[in-house]
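Notes for the one structure printed next.
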Amino acid sequence: MLIEQHIGISKEYNVFELTGALASKDIGRVMRIAQYMRANPKLHPVPMVLPILTLYFSRLLAFHHLPDKSQPAAAKALKVHPYAMKEYAMAARNYPPAKLARIFGYIRTCDKKSKGIDNTATNPYDLLQEVLFKTLH
């Protein structure tokens, strides 16, 4: 908190903290991070956030289909640090494959609309918040 006051950077509010909050379905934290991103669009542009969300949920889908879900084997297969596997295991309990399929659709629609396709007026951060809301519910 002291660092944030002096230099204006919050460790809590970045896209990786967003994926962590999504993994645990921490609705309040997800919405706080989304609001921070909206307030700091140069630091967190929607076109940069969506590919990271896509990668995260792609890895989560792959995790569901791993024959060996042990921490070292899963980390190697997903090409992530073994420390991250607790989060993936928790997220897998919260997001079954059918839900992940819907999430990819939400992200794809948001990406298209944030680029002006079938949308001329909606703010990209409103679209991102919609994706996050639908993901959580």
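Here's how to read the names in the structure tokens: chain A, B, ... by the order shown, residue numbers from 1 in each chain, ligand numbers from 1 in the order shown.
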
Using only C-alpha atoms, what table do you get, as a tab-separated table, when you list each residue of stretch 30-118 of chain A with an atom no more than 10 Å from stretch 11-24 of chain A, its nearest pair of atoms, and their distance in Å rounded to one decimal, rows by chain then rising number?
```
residue	atom	partner	partner_atom	distance
A:Val30	CA	A:Ala21	CA	5.6
A:Met31	CA	A:Leu18	CA	9.1
A:Arg32	CA	A:Tyr13	CA	8.1
A:Ile33	CA	A:Tyr13	CA	5.3
A:Ala34	CA	A:Leu18	CA	8.0
A:Gln35	CA	A:Tyr13	CA	9.4
A:Tyr36	CA	A:Tyr13	CA	6.7
A:Met37	CA	A:Tyr13	CA	7.6
A:Leu43	CA	A:Asn14	CA	8.9
A:His44	CA	A:Asn14	CA	7.7
A:Met48	CA	A:Val15	CA	9.2
A:Val49	CA	A:Val15	CA	6.5
A:Leu50	CA	A:Val15	CA	9.3
A:Ile52	CA	A:Val15	CA	7.4
A:Leu53	CA	A:Thr19	CA	7.0
A:Tyr56	CA	A:Thr19	CA	7.2
A:Phe57	CA	A:Thr19	CA	8.9
A:Leu60	CA	A:Ala23	CA	9.6
A:Ala84	CA	A:Gly20	CA	9.6
A:Glu87	CA	A:Ala23	CA	6.5
A:Tyr88	CA	A:Ala23	CA	7.3
A:Ala89	CA	A:Ala23	CA	9.0
A:Met90	CA	A:Ala23	CA	6.5
A:Ala91	CA	A:Ala23	CA	4.3
A:Ala92	CA	A:Ala23	CA	8.0
A:Arg93	CA	A:Ala23	CA	9.0
A:Asn94	CA	A:Ala23	CA	7.1
A:Tyr95	CA	A:Ala23	CA	8.2
```

Just the helix (DSSP H, G or I) stuff from chain A, please, per backbone DSSP, written as an mmCIF file with C-alpha atoms, in the first residue's frame.
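Output (part36.cif):
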```cif
data_model
loop_
_atom_site.group_PDB
_atom_site.id
_atom_site.type_symbol
_atom_site.label_atom_id
_atom_site.label_comp_id
_atom_site.auth_asym_id
_atom_site.auth_seq_id
_atom_site.Cartn_x
_atom_site.Cartn_y
_atom_site.Cartn_z
ATOM 1 C CA LEU A 2 2.841 2.415 0.848
ATOM 2 C CA ILE A 3 4.525 1.718 -2.497
ATOM 3 C CA GLU A 4 1.238 2.318 -4.306
ATOM 4 C CA GLN A 5 0.825 5.701 -2.580
ATOM 5 C CA HIS A 6 4.294 6.855 -3.594
ATOM 6 C CA ILE A 7 4.691 5.507 -7.108
ATOM 7 C CA VAL A 15 -4.145 -9.088 -15.571
ATOM 8 C CA PHE A 16 -2.436 -11.948 -13.721
ATOM 9 C CA GLU A 17 -4.154 -10.955 -10.500
ATOM 10 C CA LEU A 18 -7.354 -10.847 -12.557
ATOM 11 C CA THR A 19 -6.905 -14.454 -13.669
ATOM 12 C CA GLY A 20 -6.200 -15.448 -10.062
ATOM 13 C CA ALA A 21 -9.372 -13.742 -8.898
ATOM 14 C CA LEU A 22 -11.325 -15.418 -11.693
ATOM 15 C CA ALA A 23 -9.867 -18.800 -10.726
ATOM 16 C CA ILE A 27 -16.403 -11.507 -7.615
ATOM 17 C CA GLY A 28 -15.522 -8.435 -5.564
ATOM 18 C CA ARG A 29 -11.847 -8.610 -6.428
ATOM 19 C CA VAL A 30 -12.539 -9.236 -10.120
ATOM 20 C CA MET A 31 -14.763 -6.164 -10.277
ATOM 21 C CA ARG A 32 -12.216 -3.995 -8.394
ATOM 22 C CA ILE A 33 -9.498 -5.047 -10.832
ATOM 23 C CA ALA A 34 -11.814 -4.361 -13.802
ATOM 24 C CA GLN A 35 -12.566 -0.892 -12.442
ATOM 25 C CA TYR A 36 -8.853 -0.226 -12.002
ATOM 26 C CA MET A 37 -8.227 -1.311 -15.603
ATOM 27 C CA ARG A 38 -10.999 0.971 -16.797
ATOM 28 C CA ALA A 39 -9.442 3.877 -14.891
ATOM 29 C CA VAL A 46 -8.674 -4.415 -23.581
ATOM 30 C CA PRO A 47 -6.878 -5.745 -26.713
ATOM 31 C CA MET A 48 -3.955 -6.712 -24.434
ATOM 32 C CA VAL A 49 -6.114 -8.234 -21.676
ATOM 33 C CA LEU A 50 -8.206 -10.536 -23.864
ATOM 34 C CA PRO A 51 -5.320 -12.635 -25.260
ATOM 35 C CA ILE A 52 -4.053 -13.272 -21.725
ATOM 36 C CA LEU A 53 -7.524 -14.380 -20.639
ATOM 37 C CA THR A 54 -7.727 -16.619 -23.705
ATOM 38 C CA LEU A 55 -4.346 -18.183 -22.918
ATOM 39 C CA TYR A 56 -5.319 -18.725 -19.293
ATOM 40 C CA PHE A 57 -8.606 -20.427 -20.114
ATOM 41 C CA SER A 58 -6.933 -22.444 -22.926
ATOM 42 C CA ARG A 59 -4.463 -23.811 -20.413
ATOM 43 C CA LEU A 60 -7.316 -24.527 -18.048
ATOM 44 C CA LEU A 61 -9.136 -26.501 -20.743
ATOM 45 C CA ALA A 62 -5.927 -28.408 -21.464
ATOM 46 C CA PHE A 63 -5.579 -29.126 -17.737
ATOM 47 C CA HIS A 64 -9.020 -30.756 -17.753
ATOM 48 C CA GLN A 71 1.769 -30.885 -10.083
ATOM 49 C CA PRO A 72 5.068 -31.562 -11.902
ATOM 50 C CA ALA A 73 3.502 -33.346 -14.890
ATOM 51 C CA ALA A 74 0.728 -30.769 -15.343
ATOM 52 C CA ALA A 75 3.143 -27.834 -15.009
ATOM 53 C CA LYS A 76 5.386 -29.336 -17.677
ATOM 54 C CA ALA A 77 2.477 -30.072 -20.015
ATOM 55 C CA LEU A 78 0.992 -26.586 -19.622
ATOM 56 C CA PRO A 82 4.677 -25.733 -10.797
ATOM 57 C CA TYR A 83 3.611 -23.133 -8.232
ATOM 58 C CA ALA A 84 0.753 -22.109 -10.551
ATOM 59 C CA MET A 85 -0.786 -25.573 -10.518
ATOM 60 C CA LYS A 86 -2.742 -24.997 -7.294
ATOM 61 C CA GLU A 87 -4.551 -22.156 -9.020
ATOM 62 C CA TYR A 88 -5.259 -24.249 -12.122
ATOM 63 C CA ALA A 89 -6.598 -27.113 -10.010
ATOM 64 C CA MET A 90 -8.900 -24.698 -8.144
ATOM 65 C CA ALA A 91 -10.022 -23.063 -11.402
ATOM 66 C CA ALA A 92 -10.724 -26.479 -12.922
ATOM 67 C CA ARG A 93 -13.183 -27.158 -10.103
ATOM 68 C CA ASN A 94 -14.896 -23.821 -10.789
ATOM 69 C CA PRO A 97 -15.125 -27.754 -19.935
ATOM 70 C CA ALA A 98 -18.671 -26.823 -21.008
ATOM 71 C CA LYS A 99 -18.396 -23.505 -19.147
ATOM 72 C CA LEU A 100 -14.976 -22.883 -20.714
ATOM 73 C CA ALA A 101 -16.501 -23.298 -24.178
ATOM 74 C CA ARG A 102 -18.992 -20.543 -23.338
ATOM 75 C CA ILE A 103 -16.197 -18.349 -21.918
ATOM 76 C CA PHE A 104 -14.271 -18.580 -25.193
ATOM 77 C CA GLY A 105 -17.406 -17.383 -26.959
ATOM 78 C CA TYR A 106 -17.723 -14.416 -24.559
ATOM 79 C CA ILE A 107 -14.089 -13.461 -25.140
ATOM 80 C CA ARG A 108 -14.408 -13.819 -28.921
ATOM 81 C CA THR A 109 -17.514 -11.608 -28.982
ATOM 82 C CA CYS A 110 -15.833 -9.011 -26.776
ATOM 83 C CA ASP A 111 -12.736 -8.989 -28.976
ATOM 84 C CA LYS A 112 -14.800 -8.515 -32.123
ATOM 85 C CA LYS A 113 -16.957 -5.759 -30.619
ATOM 86 C CA SER A 114 -13.993 -3.992 -29.000
ATOM 87 C CA PRO A 124 -14.439 -1.753 -24.569
ATOM 88 C CA TYR A 125 -14.317 -1.790 -20.758
ATOM 89 C CA ASP A 126 -18.078 -2.272 -20.603
ATOM 90 C CA LEU A 127 -17.580 -5.242 -22.915
ATOM 91 C CA LEU A 128 -14.766 -6.572 -20.727
ATOM 92 C CA GLN A 129 -16.913 -6.240 -17.610
ATOM 93 C CA GLU A 130 -19.672 -8.152 -19.371
ATOM 94 C CA VAL A 131 -17.217 -10.963 -20.192
ATOM 95 C CA LEU A 132 -16.052 -11.070 -16.577
ATOM 96 C CA PHE A 133 -19.608 -11.085 -15.235
ATOM 97 C CA LYS A 134 -20.678 -13.894 -17.564
ATOM 98 C CA THR A 135 -17.510 -15.828 -16.740
ATOM 99 C CA LEU A 136 -18.237 -15.645 -13.026
#
```

Interatomic distance, atom CA of A:Pro96 to atom CA of A:His65 (Å, one decimal):
10.8 Å

Please measure the separation of atom CA of A:Pro67 and atom CA of A:Lys79, giving the value in Å to one decimal.
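Here the two named atoms are 15.5 Å from each other.
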
Figure out the distance between atom CA of A:Val80 and atom CA of A:Pro41, please, to one decimal in Å.
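Calculated distance between atom CA of A:Pro41 and atom CA of A:Val80 is 27.5 Å.
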